[in-house]
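S.K.: Structure file model_8.txt (compact mmCIF, C-alpha atoms and all ligand atoms) right here:
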# COMPACT_ATOMS: atom_id res chain seq x y z
CA MET A 24 -32.28 14.81 -0.21
CA THR A 25 -31.57 17.83 -2.40
CA GLY A 26 -28.22 19.57 -1.92
CA ARG A 27 -27.46 23.20 -2.70
CA ILE A 28 -23.94 24.14 -3.76
CA ILE A 29 -22.60 26.97 -1.62
CA VAL A 30 -18.92 26.86 -2.60
CA LYS A 31 -17.25 25.79 -5.85
CA LYS A 32 -13.51 25.80 -6.55
CA ASP A 33 -11.65 24.79 -9.68
CA LEU A 34 -8.62 22.90 -8.33
CA GLY A 35 -7.02 22.55 -11.78
CA GLY A 36 -6.49 19.45 -13.89
CA GLU A 37 -10.28 18.91 -14.18
CA ASN A 38 -10.52 18.57 -10.38
CA TYR A 39 -13.28 20.47 -8.59
CA LEU A 40 -14.31 21.04 -4.99
CA ILE A 41 -17.91 21.71 -4.08
CA GLU A 42 -19.40 22.37 -0.66
CA VAL A 43 -23.00 21.22 -0.54
CA THR A 44 -25.70 21.95 2.05
CA THR A 45 -26.97 18.56 3.27
CA PRO A 46 -27.52 18.88 7.07
CA GLN A 47 -28.77 15.31 7.54
CA ILE A 48 -25.67 13.82 5.92
CA ALA A 49 -23.25 16.26 7.59
CA SER A 50 -24.60 15.41 11.05
CA ARG A 51 -24.17 11.64 10.60
CA PHE A 52 -20.98 11.41 8.51
CA LYS A 53 -17.98 9.37 9.69
CA ALA A 54 -14.57 9.10 7.99
CA GLY A 55 -14.51 6.58 5.14
CA GLN A 56 -18.13 7.05 4.09
CA PHE A 57 -19.45 8.32 0.79
CA VAL A 58 -22.58 9.71 -0.85
CA ILE A 59 -24.35 8.82 -4.08
CA ILE A 60 -25.57 11.81 -6.03
CA ARG A 61 -27.85 12.26 -9.04
CA MET A 62 -28.03 15.62 -10.74
CA ASP A 63 -31.46 15.35 -12.40
CA GLU A 64 -34.25 12.83 -13.12
CA LYS A 65 -32.41 11.37 -16.10
CA GLY A 66 -28.97 11.44 -14.50
CA GLU A 67 -26.98 8.38 -13.42
CA ARG A 68 -26.02 7.89 -9.80
CA ILE A 69 -22.37 8.50 -8.97
CA PRO A 70 -20.59 7.69 -5.72
CA LEU A 71 -18.29 10.35 -4.26
CA THR A 72 -16.35 10.23 -1.01
CA VAL A 73 -17.11 12.90 1.55
CA ALA A 74 -13.75 14.70 1.69
CA ASP A 75 -14.78 16.98 4.56
CA TYR A 76 -17.83 18.09 6.49
CA ASP A 77 -19.07 20.82 8.79
CA SER A 78 -21.91 19.65 11.00
CA GLY A 79 -22.39 23.19 12.35
CA LYS A 80 -22.99 24.60 8.86
CA GLY A 81 -24.71 21.39 7.72
CA THR A 82 -22.41 20.97 4.73
CA ILE A 83 -20.29 18.28 3.13
CA THR A 84 -17.34 18.81 0.79
CA LEU A 85 -16.91 16.70 -2.34
CA ILE A 86 -13.79 16.70 -4.51
CA PHE A 87 -14.10 15.09 -7.90
CA GLN A 88 -12.34 14.75 -11.20
CA ALA A 89 -14.42 15.41 -14.31
CA VAL A 90 -13.59 12.14 -16.09
CA GLY A 91 -16.83 11.17 -17.83
CA LYS A 92 -20.38 12.27 -18.59
CA SER A 93 -21.76 12.66 -15.06
CA THR A 94 -18.72 14.21 -13.43
CA ARG A 95 -18.38 16.67 -16.35
CA GLN A 96 -22.04 17.56 -15.93
CA LEU A 97 -21.47 18.05 -12.20
CA ALA A 98 -18.57 20.37 -13.03
CA THR A 99 -20.96 22.67 -14.93
CA LEU A 100 -23.01 23.35 -11.77
CA ASN A 101 -22.28 26.58 -9.93
CA VAL A 102 -22.87 28.16 -6.53
CA GLY A 103 -26.64 28.38 -5.96
CA ASP A 104 -27.42 25.33 -8.16
CA THR A 105 -28.94 22.23 -6.62
CA ILE A 106 -28.14 18.53 -6.88
CA LEU A 107 -31.46 16.65 -7.12
CA ASP A 108 -30.52 13.64 -4.95
CA CYS A 109 -27.79 13.34 -2.41
CA VAL A 110 -28.00 10.01 -0.56
CA GLY A 111 -25.80 9.11 2.39
CA PRO A 112 -23.72 8.75 4.35
CA LEU A 113 -23.20 5.29 2.79
CA GLY A 114 -20.75 2.51 3.49
CA LYS A 115 -19.10 1.41 6.69
CA PRO A 116 -17.06 4.03 8.52
CA SER A 117 -13.30 3.43 8.65
CA GLU A 118 -11.89 1.54 11.61
CA ILE A 119 -10.29 4.30 13.69
CA GLY A 120 -8.16 3.40 16.70
CA GLU A 121 -4.81 4.08 18.30
CA PHE A 122 -2.67 1.87 16.07
CA GLY A 123 0.71 3.59 16.31
CA ARG A 124 2.64 4.58 13.19
CA ILE A 125 0.47 4.62 10.07
CA ILE A 126 1.40 5.36 6.48
CA CYS A 127 -1.49 6.85 4.46
CA LEU A 128 -1.11 6.83 0.67
CA GLY A 129 -3.32 8.82 -1.68
CA GLY A 130 -3.02 8.68 -5.46
CA GLY A 131 -4.81 11.11 -7.82
CA THR A 132 -8.35 11.85 -6.57
CA GLY A 133 -7.65 9.22 -3.91
CA ILE A 134 -5.81 12.03 -2.09
CA ALA A 135 -9.16 13.75 -1.46
CA CYS A 136 -10.66 10.44 -0.29
CA ILE A 137 -7.85 9.75 2.20
CA TYR A 138 -7.92 13.25 3.73
CA PRO A 139 -10.83 12.59 6.19
CA LEU A 140 -9.12 9.38 7.28
CA ILE A 141 -5.84 11.17 7.97
CA LYS A 142 -7.79 13.68 10.05
CA ALA A 143 -9.55 10.96 12.07
CA LEU A 144 -6.35 8.91 12.55
CA VAL A 145 -4.43 11.98 13.76
CA ASN A 146 -7.28 12.82 16.16
CA ALA A 147 -7.01 9.26 17.51
CA LYS A 148 -3.35 10.00 18.42
CA ASN A 149 -1.65 8.02 15.67
CA GLU A 150 1.67 9.01 14.15
CA VAL A 151 0.55 9.59 10.55
CA ILE A 152 3.01 9.73 7.67
CA SER A 153 1.34 10.68 4.40
CA ILE A 154 2.43 9.93 0.86
CA ILE A 155 0.56 11.72 -1.89
CA GLY A 156 1.13 11.27 -5.59
CA ALA A 157 -0.14 12.47 -8.93
CA ARG A 158 0.90 12.54 -12.57
CA THR A 159 2.25 16.07 -12.20
CA ALA A 160 2.62 18.73 -9.46
CA SER A 161 -0.45 20.76 -10.50
CA LEU A 162 -2.68 17.70 -9.88
CA LEU A 163 -1.64 17.25 -6.24
CA LEU A 164 -4.74 17.83 -4.10
CA LEU A 165 -4.91 19.14 -0.50
CA GLU A 166 -1.12 19.15 -0.05
CA ASP A 167 -1.16 21.99 2.50
CA GLU A 168 -4.07 20.53 4.46
CA ILE A 169 -2.48 17.05 4.60
CA SER A 170 0.96 18.45 5.50
CA ALA A 171 -0.58 20.47 8.36
CA LEU A 172 -2.00 17.27 9.89
CA SER A 173 0.69 14.70 9.18
CA LEU A 174 3.92 14.18 11.09
CA ARG A 175 5.62 13.92 7.71
CA THR A 176 4.33 14.26 4.14
CA CYS A 177 6.11 12.81 1.11
CA VAL A 178 5.19 13.78 -2.42
CA ALA A 179 5.70 11.79 -5.61
CA THR A 180 4.96 12.81 -9.19
CA ASP A 181 5.19 10.61 -12.29
CA ASP A 182 6.97 13.38 -14.23
CA GLY A 183 9.24 14.48 -11.36
CA SER A 184 7.80 18.01 -11.27
CA LYS A 185 7.60 17.79 -7.46
CA GLY A 186 9.01 15.45 -4.82
CA HIS A 187 10.09 11.93 -5.70
CA HIS A 188 10.27 11.31 -9.47
CA GLY A 189 8.16 8.16 -9.74
CA PHE A 190 5.37 6.32 -7.96
CA VAL A 191 4.06 6.57 -4.40
CA THR A 192 4.82 2.86 -4.03
CA GLU A 193 8.57 3.54 -4.37
CA VAL A 194 8.31 6.10 -1.55
CA LEU A 195 6.44 3.51 0.53
CA MET A 196 9.24 0.95 0.06
CA ASN A 197 11.85 3.53 1.15
CA LEU A 198 9.84 4.48 4.25
CA LEU A 199 9.29 0.86 5.30
CA ASP A 200 13.03 0.37 5.04
CA GLU A 201 13.73 3.57 6.98
CA TYR A 202 11.40 2.68 9.87
CA LYS A 203 12.26 -1.02 10.13
CA ASN A 204 14.63 -0.46 13.06
CA SER A 205 12.39 1.96 14.97
CA ASP A 206 9.27 -0.04 15.82
CA GLY A 207 8.30 -0.31 12.15
CA VAL A 208 4.94 0.64 10.70
CA GLN A 209 1.77 -0.75 12.25
CA ARG A 210 -0.70 -0.02 9.45
CA VAL A 211 -0.90 1.20 5.88
CA VAL A 212 -3.99 2.78 4.28
CA ALA A 213 -4.08 3.34 0.53
CA ILE A 214 -6.68 4.98 -1.72
CA GLY A 215 -6.18 5.53 -5.41
CA PRO A 216 -6.29 3.71 -8.74
CA PRO A 217 -6.78 -0.08 -8.31
CA VAL A 218 -3.34 -0.80 -9.81
CA MET A 219 -1.76 1.42 -7.18
CA MET A 220 -3.67 -0.26 -4.34
CA LYS A 221 -2.75 -3.69 -5.73
CA ALA A 222 0.94 -2.70 -5.79
CA VAL A 223 0.73 -1.42 -2.20
CA ALA A 224 -0.76 -4.74 -1.09
CA GLY A 225 2.10 -6.56 -2.81
CA ILE A 226 4.69 -4.45 -0.98
CA THR A 227 3.21 -4.73 2.53
CA ARG A 228 2.21 -8.44 2.37
CA PRO A 229 5.74 -9.85 2.99
CA HIS A 230 6.14 -7.37 5.90
CA HIS A 231 2.82 -8.58 7.45
CA ILE A 232 1.62 -5.00 7.85
CA LYS A 233 -2.15 -4.65 8.09
CA THR A 234 -3.16 -2.76 4.95
CA ILE A 235 -6.53 -1.18 4.20
CA VAL A 236 -7.76 -0.04 0.77
CA SER A 237 -10.96 1.73 -0.29
CA LEU A 238 -12.40 0.14 -3.44
CA ASN A 239 -13.92 2.17 -6.26
CA SER A 240 -16.17 -0.50 -7.77
CA ILE A 241 -19.00 0.44 -10.12
CA MET A 242 -22.06 1.37 -8.06
CA LEU A 243 -25.70 1.97 -8.89
CA ASP A 244 -28.07 2.03 -5.91
CA GLY A 245 -25.50 2.01 -3.09
CA THR A 246 -27.85 0.05 -0.83
CA GLY A 247 -26.90 -3.57 -1.54
CA MET A 248 -29.79 -4.26 -3.95
CA CYS A 249 -28.27 -4.31 -7.46
CA GLY A 250 -25.05 -6.31 -6.98
CA SER A 251 -23.08 -4.12 -9.38
CA CYS A 252 -20.41 -3.30 -6.77
CA ARG A 253 -19.55 -6.92 -5.97
CA VAL A 254 -15.94 -7.72 -5.19
CA PHE A 255 -14.17 -10.84 -4.01
CA ILE A 256 -12.52 -10.72 -0.61
CA ASP A 257 -10.65 -13.87 0.38
CA GLY A 258 -12.70 -15.73 -2.26
CA GLU A 259 -16.00 -14.57 -0.79
CA MET A 260 -18.35 -12.19 -2.60
CA LYS A 261 -18.90 -8.86 -0.82
CA LEU A 262 -20.76 -5.70 -1.77
CA THR A 263 -18.56 -2.61 -1.69
CA CYS A 264 -21.47 -0.28 -0.91
CA ILE A 265 -22.56 -2.02 2.30
CA ASP A 266 -19.65 -4.28 3.32
CA GLY A 267 -17.02 -1.66 2.32
CA PRO A 268 -15.76 0.46 0.73
CA GLU A 269 -12.72 -0.40 2.89
CA PHE A 270 -11.28 -3.90 2.90
CA ASP A 271 -8.14 -5.74 3.94
CA ALA A 272 -5.88 -5.20 0.92
CA HIS A 273 -4.22 -8.59 1.30
CA LYS A 274 -7.57 -10.33 0.74
CA VAL A 275 -8.86 -8.32 -2.25
CA ASN A 276 -9.07 -9.95 -5.69
CA PHE A 277 -7.73 -6.92 -7.59
CA GLU A 278 -7.69 -8.70 -10.98
CA ASP A 279 -11.47 -9.17 -10.77
CA LEU A 280 -12.01 -5.54 -9.65
CA ILE A 281 -9.87 -4.18 -12.50
CA SER A 282 -11.57 -6.32 -15.16
CA ARG A 283 -15.06 -5.35 -13.91
CA LEU A 284 -14.12 -1.64 -14.14
CA GLU A 285 -12.91 -2.25 -17.73
CA MET A 286 -16.24 -3.89 -18.70
CA PHE A 287 -18.11 -0.59 -18.84
CA LYS A 288 -15.45 1.48 -20.65
CA GLU A 289 -17.18 1.32 -24.07
CA LYS A 290 -20.58 2.36 -22.68
CA GLU A 291 -19.00 5.17 -20.63
CA SER A 292 -17.17 6.45 -23.68
CA GLU A 293 -20.42 6.42 -25.71
CA ALA A 294 -22.26 8.30 -22.93
CA LEU A 295 -19.53 10.93 -22.82
CA LYS A 296 -19.51 11.38 -26.62
CA HIS A 297 -23.30 11.76 -26.59
CA TYR A 298 -23.09 14.33 -23.77
CA LEU A 299 -20.36 16.32 -25.55
CA ASN A 300 -22.41 16.30 -28.79
CA ILE A 301 -25.44 17.68 -26.94
CA LYS A 302 -23.23 20.35 -25.39
CA GLY A 303 -21.79 21.18 -28.83
CA VAL A 304 -18.23 20.18 -27.92
CA SER A 305 -16.64 18.80 -31.08
CA LYS A 306 -13.61 16.93 -29.70
CA CYS A 307 -13.74 14.03 -27.32
CA SER A 308 -10.63 13.73 -25.21
CA ARG A 309 -11.08 10.04 -24.38
P1 LIG A 401 -17.67 7.49 -16.65
O1 LIG A 401 -17.25 7.73 -18.04
O2 LIG A 401 -18.98 6.80 -16.39
O3 LIG A 401 -16.55 6.66 -15.91
C1 LIG A 401 -15.22 7.09 -15.76
C2 LIG A 401 -14.53 6.10 -14.81
O4 LIG A 401 -15.13 6.18 -13.49
C3 LIG A 401 -14.71 4.68 -15.25
O5 LIG A 401 -13.56 4.27 -15.91
C4 LIG A 401 -15.00 3.89 -14.01
O6 LIG A 401 -13.80 3.29 -13.56
C5 LIG A 401 -15.44 4.88 -12.98
N1 LIG A 401 -16.89 4.79 -12.72
C6 LIG A 401 -17.88 5.01 -13.61
N2 LIG A 401 -19.09 4.88 -13.06
C7 LIG A 401 -18.88 4.56 -11.78
C8 LIG A 401 -19.76 4.28 -10.71
N3 LIG A 401 -21.08 4.33 -10.81
N4 LIG A 401 -19.19 3.94 -9.56
C9 LIG A 401 -17.86 3.92 -9.43
N5 LIG A 401 -16.99 4.20 -10.38
C10 LIG A 401 -17.48 4.49 -11.56
N6 LIG A 401 -14.29 10.01 -7.86
C11 LIG A 401 -13.86 11.25 -7.54
O7 LIG A 401 -13.45 12.01 -8.43
N7 LIG A 401 -13.88 11.70 -6.23
C12 LIG A 401 -14.30 10.92 -5.21
O8 LIG A 401 -14.32 11.36 -4.05
C13 LIG A 401 -14.75 9.59 -5.52
N8 LIG A 401 -15.18 8.77 -4.55
C14 LIG A 401 -15.63 7.53 -4.87
C15 LIG A 401 -16.08 6.70 -3.84
C16 LIG A 401 -16.54 5.44 -4.10
C17 LIG A 401 -17.05 4.58 -2.96
C18 LIG A 401 -16.55 4.96 -5.45
C19 LIG A 401 -17.06 3.58 -5.73
C20 LIG A 401 -16.11 5.76 -6.49
C21 LIG A 401 -15.64 7.06 -6.21
N9 LIG A 401 -15.19 7.92 -7.22
C22 LIG A 401 -14.74 9.18 -6.89
C23 LIG A 401 -15.26 7.54 -8.65
C24 LIG A 401 -16.47 8.22 -9.28
O9 LIG A 401 -17.65 7.68 -8.76
C25 LIG A 401 -16.43 8.02 -10.82
O10 LIG A 401 -15.35 8.77 -11.30
C26 LIG A 401 -17.70 8.53 -11.47
O11 LIG A 401 -18.78 7.68 -11.18
C27 LIG A 401 -17.47 8.61 -12.96
O12 LIG A 401 -18.70 8.89 -13.64
P2 LIG A 401 -18.69 9.61 -15.04
O13 LIG A 401 -20.02 9.42 -15.68
O14 LIG A 401 -18.21 10.99 -14.94
O15 LIG A 401 -17.58 8.84 -15.86
FE1 LIG A 402 -25.85 -1.89 -5.83
FE2 LIG A 402 -23.77 -2.01 -4.17
S1 LIG A 402 -24.23 -0.50 -5.59
S2 LIG A 402 -25.32 -3.49 -4.48
Any chance you could give the structure as structure tokens?
Ligand code: FAD
Ligand code: FES
M.R.:
Amino acid sequence: MTGRIIVKKDLGGENYLIEVTTPQIASRFKAGQFVIIRMDEKGERIPLTVADYDSGKGTITLIFQAVGKSTRQLATLNVGDTILDCVGPLGKPSEIGEFGRIICLGGGTGIACIYPLIKALVNAKNEVISIIGARTASLLLLEDEISALSLRTCVATDDGSKGHHGFVTEVLMNLLDEYKNSDGVQRVVAIGPPVMMKAVAGITRPHHIKTIVSLNSIMLDGTGMCGSCRVFIDGEMKLTCIDGPEFDAHKVNFEDLISRLEMFKEKESEALKHYLNIKGVSKCSR
């Protein structure tokens, strides 16, 4: 279905928020699901997590980072513009239950993706501790919104401009240590760059803490037909778009995921250069 943009915000650091009118998606959305959008007939399909929704207004909120051709093109759209195709909600909803104490980690744009999960887990009466991290303070997304929901929110920045100077994984290790004598941590959920999710899995595995990650594999159709989003879970091939995007982190073959994402880098770079040439932008930042 077509979606009309009714709100657009520049969140800084090439991050944008758009609120899009898509009543059919807004009325069926559950935390953990995503949409695949296409801006025009010639555009490629890109998957974006639904960061928030309002079923009364019939809108969904998408937060994205303009990293390549399609996301940069999306960033040029303004309030009143339409997105040609908006398909969803796709993927399996997150498993939401009363688990106890949960640590939710979001890295980079993964912070926007983990926000609806935090909301759903808090509503299900869990004690949610959030860790959010970015390269620098100005790139931290939804800090106020996440802090308002979470029992405790820890911030980490690579350059030390806010919170812990270093990675979210270091904060996770400290928290696991801190809570080990008070019933521990029952679950960890992490969304962010694959290297971050892989590191989280490595930290929680020896503690036997159930850990869930949301995988950002390359997707085309989003309906299980093309096979481009295949991942290996416990040695078995799964399709992220229909079997995921969330999986047990301790069973994910992260090496395969990371190398598949690398495979398309050259083509993506060419597409971006071509797009910037058409737009008359002389320098390519990649
Ligand atoms: P490109 O130059 O094509 O790619 C830039 C990088 O994005 C690549 O290095 C690659 O790792 C990744 N990528 C490229 N194409 C795809 C694709 N079709 N599917 C997945 N990853 C791709 N990004 C956000 O900013 N916000 C979100 O909420 C968000 N949610 C996502 C949810 C899911 C289920 C998945 C699979 C990905 C999500 N992404 C999200 C990543 C987003 O889809 C990519 O950033 C986008 O497709 C990049 O397209 P591009 O043409 O701008 O850049
Ligand atoms: Fe085509 Fe998943 S995106 S099978």
S.K.: Could you check the closest approach to ligand LIG 401 (chain A) for each of A:Ser184, A:Thr99, A:Thr45, A:Thr25 and tell me which residue wins, using only C-alpha atoms and all ligand atoms?
M.R.: A:Thr99
S.K.: Of the candidates A:Thr192, A:Ser93, A:Ser251, A:Thr84, which shows the shortest atom-to-atom distance to ligand LIG 401 (chain A), using all atoms listed in the file?
M.R.: A:Ser93
S.K.: Which polymer residues, whether protein, DNA or RNA, lie within 9 Å of the coordinate (0.8, 6.6, 12.2) when you count only C-alpha atoms? List them as a PyMOL selection string, using the chain letters and numbers from the file.
M.R.: chain A and resi 121-127+144-145+148-153+173-174+208-211
S.K.: Name the closest residue to A:Arg228 among the candidates A:Asp77, A:Gly207, A:Gly133, A:Lys274; distances are taken between atoms, counting only C-alpha atoms.
M.R.: A:Lys274
S.K.: Using all atoms listed in the file, what are the residues with an atom within 8 Å of ligand LIG 401 (chain A), set out as a PyMOL selection string?
M.R.: chain A and resi 38+56-58+67-74+85-96+114+132-133+135-136+237-243+252+263-264+268+284-285+287-288+290-292+294-295
S.K.: Quick one: of A:Arg253, A:Arg175, A:His273, A:Lys142, who's nearest to A:Ala54, counting all atoms listed in the file?
M.R.: A:Lys142
S.K.: Mind working out the centre and edge lengths of an axis-aligned box for ligand LIG 402 (chain A), all listed atoms inside, 5 Å added to each side, rounded to one decimal in Å and written as AutoDock Vina command-line options?
M.R.:
--center_x -24.8 --center_y -2.0 --center_z -5.0 --size_x 12.1 --size_y 13.0 --size_z 11.7
S.K.: Between A:Ala147, A:Ile119, A:Ala98, A:Leu113, which one has atoms that come closest to ligand LIG 402 (chain A), using all atoms listed in the file?
M.R.: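 For ligand LIG 402 (chain A), the nearest of the given residues is A:Leu113.
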S.K.: Neighbours of A:Glu64 within 10 Å (only C-alpha atoms; same-chain residues fewer than 3 positions away dropped), as a VMD selection string?
M.R.: chain A and resid 61 67 107 to 108
S.K.: Of the candidates A:Thr234, A:Thr246, A:Asn276, A:Ser50, which shows the shortest atom-to-atom distance to ligand LIG 402 (chain A), using all atoms listed in the file?
M.R.: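 Nearest candidate to ligand LIG 402 (chain A) out of A:Thr234, A:Thr246, A:Asn276, A:Ser50: A:Thr246.
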S.K.: Using Å and a single decimal, report how far atom CA of A:Ile214 sits from atom CA of A:Gly131.
M.R.: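 Separation of atom CA of A:Gly131 and atom CA of A:Ile214: 8.8 Å.
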S.K.: When you draw a straight line from atom CA of A:Met196 to atom CA of A:Ile226, how long is it in Å?
M.R.: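 Straight-line distance from atom CA of A:Met196 to atom CA of A:Ile226 works out to 7.1 Å.
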S.K.: Taking the point (-31.4, 15.1, 10.0) as given in the file, collect each protein or nucleic acid residue that comes within 12 Å of it, counting only C-alpha atoms, and present the set as a list in words.
M.R.: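 With a cut-off of 12 Å, the residues come to Met24, Thr44, Thr45, Pro46, Gln47, Ile48, Ala49, Ser50, Arg51, Phe52, Ser78, Gly81, Thr82, Gly111 and Pro112 of chain A.
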S.K.: Considering all atoms listed in the file, return as a PyMOL selection string whatever protein or nucleic-acid residues lie within 12 Å of A:Gly183, sequence-local ones (same chain, fewer than 2 positions apart) excluded.
M.R.: chain A and resi 156-161+178-181+185-191
S.K.: Using C-alpha atoms, can you export the residues from the last selection as a CSV table (one decimal), in the frame of the given file?
M.R.:
chain,number,residue,atom,x,y,z
A,156,GLY,CA,1.1,11.3,-5.6
A,157,ALA,CA,-0.1,12.5,-8.9
A,158,ARG,CA,0.9,12.5,-12.6
A,159,THR,CA,2.2,16.1,-12.2
A,160,ALA,CA,2.6,18.7,-9.5
A,161,SER,CA,-0.4,20.8,-10.5
A,178,VAL,CA,5.2,13.8,-2.4
A,179,ALA,CA,5.7,11.8,-5.6
A,180,THR,CA,5.0,12.8,-9.2
A,181,ASP,CA,5.2,10.6,-12.3
A,185,LYS,CA,7.6,17.8,-7.5
A,186,GLY,CA,9.0,15.4,-4.8
A,187,HIS,CA,10.1,11.9,-5.7
A,188,HIS,CA,10.3,11.3,-9.5
A,189,GLY,CA,8.2,8.2,-9.7
A,190,PHE,CA,5.4,6.3,-8.0
A,191,VAL,CA,4.1,6.6,-4.4
